[in-house]
Each structure stands twice: as C-alpha cells, then as structure tokens.
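Visitor: Could you have a look at this structure, given as structure tokens, before my questions?
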Amino acid sequence: MSDITVEINGIKCKAQEGEFLLNIARREDIFIPAICYQTQCSPSLACRLCIVEADEKRVYACNAKAKDGMVINTNSDEIAVERKTIMQVYDVNHPLQCGVCDQSGDCELQNYTLYMDVDKQDHAIADTFRPIRDWGLMKYDAGLCIVCEKCVTVCKDMIGDAVLKTVPRGGEALPKELKASMPKDSYAMWNKLQKSIIGTVNEDDSLECQDCGECIAVCPVGALVSSDFQYTSNSWELTKIPVANPHSSDCSLVYYETKHGDMKNYDTKIFRVTNDAHYVSLSGAARFGYDFENRVAGKDKAFFDKAIDFIKNEADTIRFSSYITNEEALILQKIKEKYNLKLINEDARAYQKFMQAYTSTSSETLYNGTLKSIKASNFVISVGTAVRYDAPTVGFAINNAMTMNKGAGMYFHPVGDKVVDTFSKNMMAINNAIGSEEHVLAYVLETFAKIAQEAEEVTVPALPKEIENVISKYDSAVVGLAEDFEATLTKMLAKKDTFSLVLGEDLYHHEKAENIAKIAGLISLYTNFSVTIIPSKTNTLGVSLICDLDDEAGSKILGYNAEGDFVLSALGDGDLDMPALNQQEGTFTSLDKKVVPTNAALPYSGYVLNDIANALGLEAELTIDYTPQLPKKSGFMMADFDALPNLYDNAGNEVRGYDLNVKSVKAEGKLEKLSKVKEMKGDIVYLSNPINQFSAFTNKAHQLKSTGAVYVSAEYLEAKGFAEGDTLEVKSENGEISAKIELDKQLLGEIAYLPTFDTSLNTKALFSDGFRFTTATIRKV
C-alpha cells in the first residue's frame, strides 16, 4: 500500500491506499456513527449508519476504500434523516427494559438514539417471539438483538471458531408501500432485521466453541451477556480497574469491574471483565477467570517470623513460578544475591536458555515478532505449540491473518486441532513426528532462505554454505510433508510477501532445544520471517530477563507459589499467605516485549513479598518502588510505575508501558548436526491444559473450576473402545495417575493429553525433564 491523502470534513488526513474510510476517521478523531463494524474484521454492512459522501457519491465508510485525493463529507441533511430513520427502526419493538438491562449505560442503541435525536416513533410492526438461549457461560436474548452481526464477524474473523450465523427470524414482511416512502438504507436495514436473528451452526442451536466470550464484548446491546453477570449490577455502579491479563503472556489490557458485595458480604469483588474489543481480544481465561484472589483475615506475624528465620538460617534455594510481577522477580533476585541462594524456575530457565541460543545466531537479544506483526502477515508458520490451547490470543492473530489478508500458512504439531484446520483453506495442518521440530525448522530455513533470494527485492543476506550443508540433511519424512507438497507450497505462496513464524513451549524443554533455537535465529536473519517465541507463562519473559536462574536446587527450599519446605502462596495452601495477581500492582513483560502495568483490583490485608524483603534488609516502601530499578542491561527503562501509560488510542495503537530495548550483539553461535528423531511407540500422552485453563489460579475461579481429566478426541474414544467418564490409569516409566476420561470436541487424532491446572493430579511426574510428550500405558480401571 502507498501513502495517500484524503480530505474528511475539510481536514487533510494521511492514509494508506485501500484503507477503510471509517478507520481513517477514527484515527483522526472524526466521528462517524457505526454499530455493526468491528475493527480488524470484515465489514458486514448490517447497520448502514456509516453512510457518508465520498467524491459526492454515497458510500458506507466501513466498506469504502480510500483513494488519493478523495473528498469525504460525513454529514448532510439527507444523511441525518437516513441515520435518524435507521435508529427509529432499531427502536421498533425493542423491549423497554433499560432499567434492568445489563448493557444499560454502555448501550450503543441508547447512545445513538439520543445522538440522532430520536424523540418519536413513526413506524410499527407486529413483534415475533424470540426465545432466550442458554449457552453456558453466556446467554443470548434474541428479543434484545438488533442483528448487527458483530458477534458473527468477530467469531469468524478474529477468534476462528465461526460457530455463529444469522438464521431465519420468522418476522412479518414489511408493507410494500414502505419501500417508496422510507429512505433507501433504513428500509433495507429493517427488511433484513425482520428476516434474521442470530443462531449457531448446529441444528439444535447448541453452542460448541472455546468460550472466549468475545461475542459478549462486541455486542452493542444487552443481547449477549455473561450468565454469571446477568442482572447483578448496573454498569454505572462498577469501578473499572485496568489490569494486564494475569493468566498468559499476552498480558492483554483488561478491566476488572468492581463493586461492593451484598448485605451478607460487603467486601469489594469483581463482577465482570471487559476489554477494548475493537483493539484487543481476550481468552476465556482472562474474561471468566477473574476471582482467584487470596482472602485473608490479616497478617500472620508468627508465620511471617518463621519465613524470615527460614530464609536467614536454613534456605539454600528459592523456587518460584512465573505468575509474578517483574518487581517481585527483582526482589527474589536481590534476596538471592544478599543470601547467596539458588533461584529455581524451571519454566523461565528453559526459556532463558532457549533465548540465549537464539541470540547467538540472530544477533538480536530478543525476537522481532509481535501479535501485530502476525496479524499483518499473509503467510504464517507455527511450530512447537498447540497454539489455541497454549496461547489463545496468538491463535486469534493467526486466524485474523488468514481471514483478513487472504493468508496461507503451515501449522506443524503432532496433536490435531479441528479449529485450526478451518482457519483457511490455505492453512496446512501438518502432523510432524514427535521430537522432529529441529528438522521442521531446518526445512523452513532452507526453503525460505532460497525464496528470499529469488524475490524481486532481496532484503536479507544469502545463507552461508556451511549452514546450508547442515540444514539440508533434514528428514522430510519426520517433517510430515507429502511428496507433492512443493507444488502445493508454490500455490500457497502466490502473492505472499509478509511472513511470520510462531514458536512455542514444546521447544524449550526439547532434547535439541539449543540447536532448534539457533536455527530459529538463523531464520530471522536469512529469511523474510518475523519470529515470535511465545513465553510459556504470564511473566516468563520478564523473569528470564531479570533473574540469574540456576539449574539445580539445593536441599532446603523456600517456595513462592511453588513446592518447597516453607511455602509462600497466593493460593492459600502454603505456610504464609501472599496476594494473588489481582491484588497487586506492578508490571509484566508481555510476549510483545512490552513492560505493561497492572493494578490491584481487590484489597489484601496480609503480608506481601516486599514485607519479607524489608525484614531481610532490602528497603522499599512499596513493591512498585522497584519498577525503576528493573535491569537496564536487560532492556528495561528507569521508569516510575505511576508514569506508565495504559490505553489504546483511536488508531488502535497500544500505548501501554514501554517497549523493551532490543540490543544487537555479535552472532557467534554454531549449529550442530541434525540428530536422528527417535520414534515414540505405544500410547502417546501430551502435557497440556484444556482451553481456558492455565494454572491453579484459573482453576480457582468459580466459572472455570473443574477437575482434571484425561482429555481425548472422538477418534481416540472410538479407536480405544473407551467411553467418556471411564476412569483410566495412565502409567509411564516416571510415574502414574488415575483420572476420568473427558471428550475434547476440538481435538483430532489419537494422542491424549493431561493437564497441569489441577494440582491434585501430579501429571508432571509422568514426563521427563519438562518435555511435553511421553510414552505411557493407558488402561481402563
């Protein structure tokens, strides 16, 4: 696209050729009404409120593309009449229940009715019965629905589930004489409204999806609401607290909406989670997994003293999880240095070593991809992650790239995913052999380094011969490529010029993790791919940059949200209570390499880690006093917490915190020869959580709480002769567990998976050295 200039209401605006007029206007803070348009998704033209005049012709701003020199007028007497009539039509038969409607106060129908000065109703028609649907975590009241289709659009174009659609409403036909007497667009909109309502793709109108709740977020009225929130509060009674998603490394901006409780329990609580849906989409964990706070009566002085004594006189190791803030990670690092302790975080250490190897060949201290760069791509490759389970927002970004950019891609993973298969007809889901990721990336490097050199404009250096000699030995059989795949790839690559590579946590504990990371670094250097390496937990990246982590623990361990001889826990199951992440302020380091702020939504009356640090001789009044002390050598800035911005602007730019400083270093890493992939025989088990479960914290939330199971596909049940609800014994050479079997309808293939969110199941004991696949014997008990 080329830079152009358009004129809107006499204002000169810079734009990209082909950009939608509505997006340009929003970026320039020029108001054009629109109910049905969802940013980053396809226009549906359902509401028609965005009519404008472009070069003296009427067009829809959500769908009209900018041309250089175009002159746009957003208001005229004729347009004002059209818009007012459209709002009158929307108000026909809309229930007058604003006093109890969950959207009242945030309702776009209310807002536009007032904005268009609708003070009377000129139209009427008999209403149609429209039943309320209970879809589990959400409810759909068709009587309130205005059929804007934003839920359908976001589900298809952003999330990738594509489970909603318009279905026949059964409404009365409009009188024919109205076509001549009403403005054109208002008649067309009303005609469609009378014919349609929202339903699901299933014949029984049941909803089978990943329960992200994004349809709730985009609904402009009260038709789609959280089942849990419905009729519990008026929106204007709630206080919005901006926080970063505490459950996964996207660290998306979310709002915890809080209010005091009822007469029985007046304590402040979170009633719901909302988001800036035009600019960021949330996983179901972020939306529904909000009430994981640690409620304590007060400070337990006796156990606090025991903690201090244990650290001073007994502990030789601190083990902790990555569900902590950057400031807490720095406190632990300072305690390590002061008392000569070991710091153990297996997750962050594996990621740290992977990134060190990546840097040794890429010459950059961090990867160069982001969620935004993935969405902007038209060719995406994913390797080493069950992406919709591990990092849902990355899955959203990949799907968005496929649908909005007419993209293509390759999804390499041994475990099949039914939804990924539907992202695009040009998304190839390839079941590579377990452990073959070194060969997969060698194939990617060799293939796309050649493609980069054959491009009309060569922007990367040629692959050195010594590297080519190593990677050319990849085994195409374990990569999973069909014999005729080269021809297929040529077709997929037609008109593709923006490339993204997504790497995930299967790789970090891989036997060949170091060589895999080095190949990934070379891909960033010798191909046109932007590379994104997904941090496996909320603040894995931050911890890996702040802490000097050790590989082996000592004999006396202080656990912080982790196992130990003396445990500090935000789950309330340790020796001394600590606040959960929804009770803290501080920062996270997101997968977009941004240091983003999070705030305390709920009160906490117990001790915090900073209290322990002060008792050990480190002096800071508040935990956030450590924010400007985060290590500059790792890319952090000397910035005060309260000075960090936390918003999206009208252009959709993420104005949150600050970007890490990425440094260039000398590339000195050397590739090893590719190793032969060891075939895994027998029943294979994968270590993964079901969608919307990430940890014991998500499982503490009342809407997500469940019991861990052995998760399998329908194919698996049929092949093994098991039935859902059977109890299975799963036994590997490292350990065994018993759990009921549960059907995952979005899973494909014959690999079962075990979760980590349910701490009553010691599933990790079945796996070796953190690698996510193992061989097991599985039998019915």
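Letters for chains follow the order of the structure tokens (A, B, ...), residue numbers begin at 1 for each chain, and ligand numbers begin at 1 in the order shown.
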Using only C-alpha atoms, which residues sit within 10 Å of A:Gln16 once same-chain residues fewer than 4 positions away are excluded, as a list in words?

Guide: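 Counting only C-alpha atoms, the residues come to Met1, Ser2, Asp3, Ile4, Thr5, Val6, Phe20, Ile24, Lys65, Ala66, Lys67 and Asp68 of chain A.
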
Visitor: For the structure I just gave you, how does DSSP split stretch 609-644 of chain A - specifically, which residues are helix (DSSP H, G or I)? Reply as a ChimeraX atom specification.

Guide: /A:609-615,623-629,632-634,641-643

Visitor: Dump N, CA, C and O atoms for the selected residues as an mmCIF file, in the first residue's frame?

Guide:
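Output file again-v9.cif follows:
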```cif
data_model
loop_
_atom_site.group_PDB
_atom_site.id
_atom_site.type_symbol
_atom_site.label_atom_id
_atom_site.label_comp_id
_atom_site.auth_asym_id
_atom_site.auth_seq_id
_atom_site.Cartn_x
_atom_site.Cartn_y
_atom_site.Cartn_z
ATOM 1 N N LEU A 609 5.436 -9.815 49.468
ATOM 2 C CA LEU A 609 6.847 -10.174 49.327
ATOM 3 C C LEU A 609 7.752 -9.013 49.728
ATOM 4 O O LEU A 609 8.837 -9.224 50.295
ATOM 5 N N ASN A 610 7.315 -7.797 49.483
ATOM 6 C CA ASN A 610 8.129 -6.641 49.853
ATOM 7 C C ASN A 610 8.319 -6.532 51.369
ATOM 8 O O ASN A 610 9.349 -6.042 51.835
ATOM 9 N N ASP A 611 7.324 -6.981 52.148
ATOM 10 C CA ASP A 611 7.476 -7.004 53.607
ATOM 11 C C ASP A 611 8.615 -7.938 54.012
ATOM 12 O O ASP A 611 9.415 -7.630 54.905
ATOM 13 N N ILE A 612 8.672 -9.086 53.345
ATOM 14 C CA ILE A 612 9.757 -10.036 53.623
ATOM 15 C C ILE A 612 11.095 -9.427 53.221
ATOM 16 O O ILE A 612 12.086 -9.531 53.957
ATOM 17 N N ALA A 613 11.122 -8.776 52.056
ATOM 18 C CA ALA A 613 12.366 -8.147 51.587
ATOM 19 C C ALA A 613 12.853 -7.091 52.573
ATOM 20 O O ALA A 613 14.058 -7.025 52.886
ATOM 21 N N ASN A 614 11.945 -6.288 53.092
ATOM 22 C CA ASN A 614 12.332 -5.248 54.055
ATOM 23 C C ASN A 614 12.859 -5.861 55.339
ATOM 24 O O ASN A 614 13.827 -5.362 55.934
ATOM 25 N N ALA A 615 12.233 -6.940 55.786
ATOM 26 C CA ALA A 615 12.703 -7.619 57.002
ATOM 27 C C ALA A 615 14.070 -8.260 56.796
ATOM 28 O O ALA A 615 14.809 -8.497 57.771
ATOM 29 N N THR A 623 6.178 -2.129 46.757
ATOM 30 C CA THR A 623 6.727 -3.040 45.746
ATOM 31 C C THR A 623 7.047 -2.301 44.455
ATOM 32 O O THR A 623 8.063 -2.567 43.801
ATOM 33 N N ILE A 624 6.198 -1.333 44.083
ATOM 34 C CA ILE A 624 6.416 -0.619 42.819
ATOM 35 C C ILE A 624 7.599 0.353 42.889
ATOM 36 O O ILE A 624 7.961 0.939 41.860
ATOM 37 N N ASP A 625 8.203 0.508 44.058
ATOM 38 C CA ASP A 625 9.437 1.294 44.122
ATOM 39 C C ASP A 625 10.570 0.584 43.390
ATOM 40 O O ASP A 625 11.599 1.205 43.064
ATOM 41 N N TYR A 626 10.373 -0.704 43.103
ATOM 42 C CA TYR A 626 11.385 -1.456 42.350
ATOM 43 C C TYR A 626 11.213 -1.300 40.836
ATOM 44 O O TYR A 626 12.094 -1.705 40.077
ATOM 45 N N THR A 627 10.083 -0.715 40.383
ATOM 46 C CA THR A 627 9.853 -0.596 38.938
ATOM 47 C C THR A 627 10.983 0.141 38.218
ATOM 48 O O THR A 627 11.479 -0.340 37.190
ATOM 49 N N PRO A 628 11.458 1.286 38.711
ATOM 50 C CA PRO A 628 12.556 1.961 38.004
ATOM 51 C C PRO A 628 13.909 1.277 38.188
ATOM 52 O O PRO A 628 14.877 1.672 37.542
ATOM 53 N N GLN A 629 13.967 0.251 39.057
ATOM 54 C CA GLN A 629 15.233 -0.451 39.289
ATOM 55 C C GLN A 629 15.384 -1.693 38.411
ATOM 56 O O GLN A 629 16.404 -2.382 38.482
ATOM 57 N N LYS A 632 18.537 -2.328 33.477
ATOM 58 C CA LYS A 632 18.688 -1.647 32.194
ATOM 59 C C LYS A 632 19.441 -2.519 31.199
ATOM 60 O O LYS A 632 19.166 -2.494 30.002
ATOM 61 N N LYS A 633 20.375 -3.331 31.691
ATOM 62 C CA LYS A 633 21.178 -4.179 30.801
ATOM 63 C C LYS A 633 20.321 -5.228 30.077
ATOM 64 O O LYS A 633 20.707 -5.754 29.030
ATOM 65 N N SER A 634 19.147 -5.504 30.632
ATOM 66 C CA SER A 634 18.239 -6.464 30.006
ATOM 67 C C SER A 634 17.175 -5.803 29.148
ATOM 68 O O SER A 634 16.268 -6.472 28.649
ATOM 69 N N PHE A 641 6.451 3.591 38.113
ATOM 70 C CA PHE A 641 5.217 2.858 37.828
ATOM 71 C C PHE A 641 4.067 3.799 37.496
ATOM 72 O O PHE A 641 3.339 3.597 36.518
ATOM 73 N N ASP A 642 3.892 4.833 38.292
ATOM 74 C CA ASP A 642 2.747 5.723 38.109
ATOM 75 C C ASP A 642 2.834 6.558 36.839
ATOM 76 O O ASP A 642 1.849 7.202 36.454
ATOM 77 N N ALA A 643 3.982 6.553 36.181
ATOM 78 C CA ALA A 643 4.140 7.318 34.937
ATOM 79 C C ALA A 643 3.851 6.462 33.697
ATOM 80 O O ALA A 643 3.864 6.976 32.579
#
```

Visitor: Can you pull out every residue within 8 Å of A:His413, counting only C-alpha atoms, but drop anything in the same chain fewer than 2 positions away, and send it as a ChimeraX atom specification?

Guide: /A:383-386,411,415-416,429-432

Visitor: Please produce a file of the residues just selected, as a PDB file, in the first residue's frame, where the atoms kept are N, CA, C and O atoms.

Guide:
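And here's again.pdb as it stands now:
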```
ATOM      1  N   VAL A 383       5.126 -23.612  14.837  1.00  0.00           N
ATOM      2  CA  VAL A 383       5.868 -24.828  15.167  1.00  0.00           C
ATOM      3  C   VAL A 383       6.006 -24.933  16.691  1.00  0.00           C
ATOM      4  O   VAL A 383       6.333 -23.955  17.359  1.00  0.00           O
ATOM      5  N   GLY A 384       5.733 -26.116  17.224  1.00  0.00           N
ATOM      6  CA  GLY A 384       6.045 -26.368  18.628  1.00  0.00           C
ATOM      7  C   GLY A 384       5.059 -25.814  19.621  1.00  0.00           C
ATOM      8  O   GLY A 384       5.413 -25.609  20.784  1.00  0.00           O
ATOM      9  N   THR A 385       3.833 -25.587  19.207  1.00  0.00           N
ATOM     10  CA  THR A 385       2.820 -25.120  20.138  1.00  0.00           C
ATOM     11  C   THR A 385       1.436 -25.560  19.680  1.00  0.00           C
ATOM     12  O   THR A 385       1.103 -25.437  18.501  1.00  0.00           O
ATOM     13  N   ALA A 386       0.649 -26.098  20.641  1.00  0.00           N
ATOM     14  CA  ALA A 386      -0.788 -26.291  20.411  1.00  0.00           C
ATOM     15  C   ALA A 386      -1.396 -24.922  20.661  1.00  0.00           C
ATOM     16  O   ALA A 386      -1.895 -24.616  21.734  1.00  0.00           O
ATOM     17  N   TYR A 411       0.810 -25.241   9.866  1.00  0.00           N
ATOM     18  CA  TYR A 411       0.688 -25.456  11.305  1.00  0.00           C
ATOM     19  C   TYR A 411       1.261 -26.837  11.615  1.00  0.00           C
ATOM     20  O   TYR A 411       0.646 -27.855  11.321  1.00  0.00           O
ATOM     21  N   VAL A 415      -0.288 -33.059  17.565  1.00  0.00           N
ATOM     22  CA  VAL A 415      -1.668 -33.160  18.047  1.00  0.00           C
ATOM     23  C   VAL A 415      -2.576 -32.346  17.135  1.00  0.00           C
ATOM     24  O   VAL A 415      -2.337 -31.157  16.918  1.00  0.00           O
ATOM     25  N   GLY A 416      -3.619 -32.969  16.620  1.00  0.00           N
ATOM     26  CA  GLY A 416      -4.509 -32.301  15.680  1.00  0.00           C
ATOM     27  C   GLY A 416      -5.489 -31.369  16.360  1.00  0.00           C
ATOM     28  O   GLY A 416      -5.931 -31.609  17.485  1.00  0.00           O
ATOM     29  N   ALA A 429      -2.452 -28.016   7.997  1.00  0.00           N
ATOM     30  CA  ALA A 429      -2.157 -28.605   9.303  1.00  0.00           C
ATOM     31  C   ALA A 429      -1.348 -29.874   9.080  1.00  0.00           C
ATOM     32  O   ALA A 429      -1.815 -30.821   8.432  1.00  0.00           O
ATOM     33  N   ILE A 430      -0.132 -29.881   9.593  1.00  0.00           N
ATOM     34  CA  ILE A 430       0.811 -30.974   9.318  1.00  0.00           C
ATOM     35  C   ILE A 430       1.195 -31.642  10.635  1.00  0.00           C
ATOM     36  O   ILE A 430       1.727 -30.994  11.545  1.00  0.00           O
ATOM     37  N   ASN A 431       0.902 -32.937  10.744  1.00  0.00           N
ATOM     38  CA  ASN A 431       1.253 -33.687  11.952  1.00  0.00           C
ATOM     39  C   ASN A 431       2.687 -34.199  11.842  1.00  0.00           C
ATOM     40  O   ASN A 431       2.928 -35.338  11.435  1.00  0.00           O
ATOM     41  N   ASN A 432       3.635 -33.328  12.199  1.00  0.00           N
ATOM     42  CA  ASN A 432       5.037 -33.762  12.187  1.00  0.00           C
ATOM     43  C   ASN A 432       5.269 -34.791  13.283  1.00  0.00           C
ATOM     44  O   ASN A 432       4.531 -34.864  14.274  1.00  0.00           O
TER      45      ASN A 432
END
```

Visitor: If we count only C-alpha atoms and set the cut-off at 8 Å, which residues sit around stretch 74-76 of chain A, ignoring sequence neighbours fewer than 6 positions away in its own chain? Please answer as a list in words.

Guide: Ile8, Asn9, Ile32, Ile51, Val52 and Glu53 of chain A

Visitor: Okay, now the selection with all heavy atoms, as a PDB file, in the first residue's frame?

Guide:
```pdb
ATOM      1  N   ILE A   8     -11.414  14.778   4.934  1.00  0.00           N
ATOM      2  CA  ILE A   8     -12.661  14.449   5.623  1.00  0.00           C
ATOM      3  C   ILE A   8     -13.162  15.696   6.341  1.00  0.00           C
ATOM      4  O   ILE A   8     -12.475  16.227   7.218  1.00  0.00           O
ATOM      5  CB  ILE A   8     -12.470  13.296   6.630  1.00  0.00           C
ATOM      6  CG1 ILE A   8     -11.842  12.071   5.958  1.00  0.00           C
ATOM      7  CG2 ILE A   8     -13.802  12.914   7.262  1.00  0.00           C
ATOM      8  CD1 ILE A   8     -11.584  10.907   6.890  1.00  0.00           C
ATOM      9  N   ASN A   9     -14.335  16.165   5.942  1.00  0.00           N
ATOM     10  CA  ASN A   9     -14.927  17.381   6.538  1.00  0.00           C
ATOM     11  C   ASN A   9     -13.943  18.555   6.521  1.00  0.00           C
ATOM     12  O   ASN A   9     -13.837  19.321   7.480  1.00  0.00           O
ATOM     13  CB  ASN A   9     -15.399  17.119   7.970  1.00  0.00           C
ATOM     14  CG  ASN A   9     -16.522  16.107   8.028  1.00  0.00           C
ATOM     15  OD1 ASN A   9     -17.124  15.774   7.001  1.00  0.00           O
ATOM     16  ND2 ASN A   9     -16.816  15.610   9.217  1.00  0.00           N
ATOM     17  N   ILE A  32     -17.869   9.158  12.985  1.00  0.00           N
ATOM     18  CA  ILE A  32     -18.845   8.622  12.041  1.00  0.00           C
ATOM     19  C   ILE A  32     -19.583   7.518  12.792  1.00  0.00           C
ATOM     20  O   ILE A  32     -18.953   6.578  13.269  1.00  0.00           O
ATOM     21  CB  ILE A  32     -18.187   8.040  10.773  1.00  0.00           C
ATOM     22  CG1 ILE A  32     -17.426   9.123  10.004  1.00  0.00           C
ATOM     23  CG2 ILE A  32     -19.234   7.386   9.873  1.00  0.00           C
ATOM     24  CD1 ILE A  32     -16.656   8.598   8.805  1.00  0.00           C
ATOM     25  N   ILE A  51     -23.079   5.756   6.535  1.00  0.00           N
ATOM     26  CA  ILE A  51     -23.168   6.363   5.194  1.00  0.00           C
ATOM     27  C   ILE A  51     -22.523   7.754   5.186  1.00  0.00           C
ATOM     28  O   ILE A  51     -22.738   8.559   6.091  1.00  0.00           O
ATOM     29  CB  ILE A  51     -24.626   6.468   4.707  1.00  0.00           C
ATOM     30  CG1 ILE A  51     -25.537   7.031   5.813  1.00  0.00           C
ATOM     31  CG2 ILE A  51     -25.132   5.142   4.198  1.00  0.00           C
ATOM     32  CD1 ILE A  51     -26.948   7.274   5.376  1.00  0.00           C
ATOM     33  N   VAL A  52     -21.715   7.992   4.190  1.00  0.00           N
ATOM     34  CA  VAL A  52     -21.059   9.286   4.006  1.00  0.00           C
ATOM     35  C   VAL A  52     -21.062   9.599   2.505  1.00  0.00           C
ATOM     36  O   VAL A  52     -21.410   8.744   1.678  1.00  0.00           O
ATOM     37  CB  VAL A  52     -19.606   9.276   4.531  1.00  0.00           C
ATOM     38  CG1 VAL A  52     -19.562   9.039   6.037  1.00  0.00           C
ATOM     39  CG2 VAL A  52     -18.745   8.236   3.797  1.00  0.00           C
ATOM     40  N   GLU A  53     -20.665  10.803   2.173  1.00  0.00           N
ATOM     41  CA  GLU A  53     -20.497  11.185   0.763  1.00  0.00           C
ATOM     42  C   GLU A  53     -19.008  11.219   0.452  1.00  0.00           C
ATOM     43  O   GLU A  53     -18.243  11.928   1.112  1.00  0.00           O
ATOM     44  CB  GLU A  53     -21.123  12.548   0.494  1.00  0.00           C
ATOM     45  CG  GLU A  53     -22.639  12.553   0.621  1.00  0.00           C
ATOM     46  CD  GLU A  53     -23.226  13.938   0.482  1.00  0.00           C
ATOM     47  OE1 GLU A  53     -22.438  14.916   0.416  1.00  0.00           O
ATOM     48  OE2 GLU A  53     -24.464  14.058   0.447  1.00  0.00           O
TER      49      GLU A  53
END
```

Visitor: Please provide the set of residues having any atom within 7 Å of A:Glu7, restricted to only C-alpha atoms, with same-chain residues fewer than 5 positions apart removed, written as a list in words.

Guide: Lys12, Cys13, Met70, Val71 and Ile72 of chain A

Visitor: Smallest atom-to-atom distance to A:Lys491: which of A:Leu728, A:Leu253, A:Leu571, A:Met427, using only C-alpha atoms?

Guide: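 Among the listed residues, the smallest separation from A:Lys491 belongs to A:Met427.
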
Visitor: Output as a Markdown table one row per residue of stretch 1-74 of chain A within 12 Å of stretch 92-116 of chain A: the closest atom pair and its distance in Å to one decimal place, counting only C-alpha atoms, sorted by chain and residue number ascending.

Guide:
```
| residue | atom | partner | partner_atom | distance |
| --- | --- | --- | --- | --- |
| A:Phe31 | CA | A:Tyr115 | CA | 11.7 |
| A:Ile32 | CA | A:Tyr112 | CA | 11.2 |
| A:Pro33 | CA | A:Tyr112 | CA | 7.8 |
| A:Ala34 | CA | A:Tyr112 | CA | 9.1 |
| A:Ile35 | CA | A:Glu108 | CA | 7.1 |
| A:Cys36 | CA | A:Glu108 | CA | 10.4 |
| A:Cys47 | CA | A:Leu109 | CA | 11.2 |
| A:Leu49 | CA | A:Tyr112 | CA | 9.8 |
```

Visitor: Could you list, as JSON, numbers by chain, every residue within 9 Å of stretch 679-688 of chain A, counting only C-alpha atoms and ignoring same-chain residues fewer than 3 positions away?

Guide: {"A": [386, 389, 390, 415, 433, 434, 435, 694, 730, 750, 751, 752, 753, 754, 755, 756, 763, 764, 767, 771, 772, 773, 774, 775, 776, 777, 778]}

Visitor: With a distance cut-off of 9 Å and only C-alpha atoms, select the neighbouring residues of stretch 316-326 of chain A, excluding the residue or stretch itself and same-chain residues fewer than 2 positions from it, and output the selection as a ChimeraX atom specification.

Guide: /A:246-248,311,313-314,328-332,336,339-348,536-543,546,553-564,580-581,584-589,595,598,626-627,630

Visitor: From the list A:Gln38, A:Thr365, A:Ser472, A:Ser206, which residue is nearest A:Asp276 when using only C-alpha atoms?

Guide: A:Gln38

Visitor: Calculate how many Å separate atom CA of A:Asp769 from atom CA of A:Lys676, rounding to one decimal.

Guide: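 Computing it gives 19.3 Å between the two atoms.
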
Visitor: What separation in Å, quoted to one decimal, exists between atom CA of A:Val154 and atom CA of A:Asp421?

Guide: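 Going from atom CA of A:Val154 over to atom CA of A:Asp421 covers 17.9 Å.
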
Visitor: If you measure from atom CA of A:Val677 to atom CA of A:Val478, what distance in Å do you get, rounded to one decimal?

Guide: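 Distance between the two atoms: 7.6 Å.
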
Visitor: Nearest residue to A:Ala408 out of A:Gln356, A:Ser436, A:Thr488, A:Thr232, using only C-alpha atoms?

Guide: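 Closest residue, counting only C-alpha atoms: A:Thr488.
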
Visitor: With distances taken over only C-alpha atoms, which residue among A:His439, A:Lys663, A:Lys700, A:His278 lies nearest A:Tyr367?

Guide: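 Of A:His439, A:Lys663, A:Lys700, A:His278, the one nearest A:Tyr367 is A:Lys663, counting only C-alpha atoms.
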
Visitor: Which residue gives the smallest distance to A:Ala449 among A:Ser524, A:Ser283, A:Thr707, A:Ser605, with only C-alpha atoms counted?

Guide: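 Closest residue, counting only C-alpha atoms: A:Ser524.
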
Visitor: Rank nothing, just name the residue among A:Thr490, A:Thr498, A:Lys425, A:Glu327 nearest to A:Ala620, using only C-alpha atoms.

Guide: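 Among the listed residues, A:Glu327 lies closest to A:Ala620.
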
Visitor: Give me, as an MDAnalysis selection string, the residues of stretch 143-228 of chain A that a backbone DSSP run labels strand (DSSP E or B).

Guide: chainID A and resid 164:168 196:200 224:226
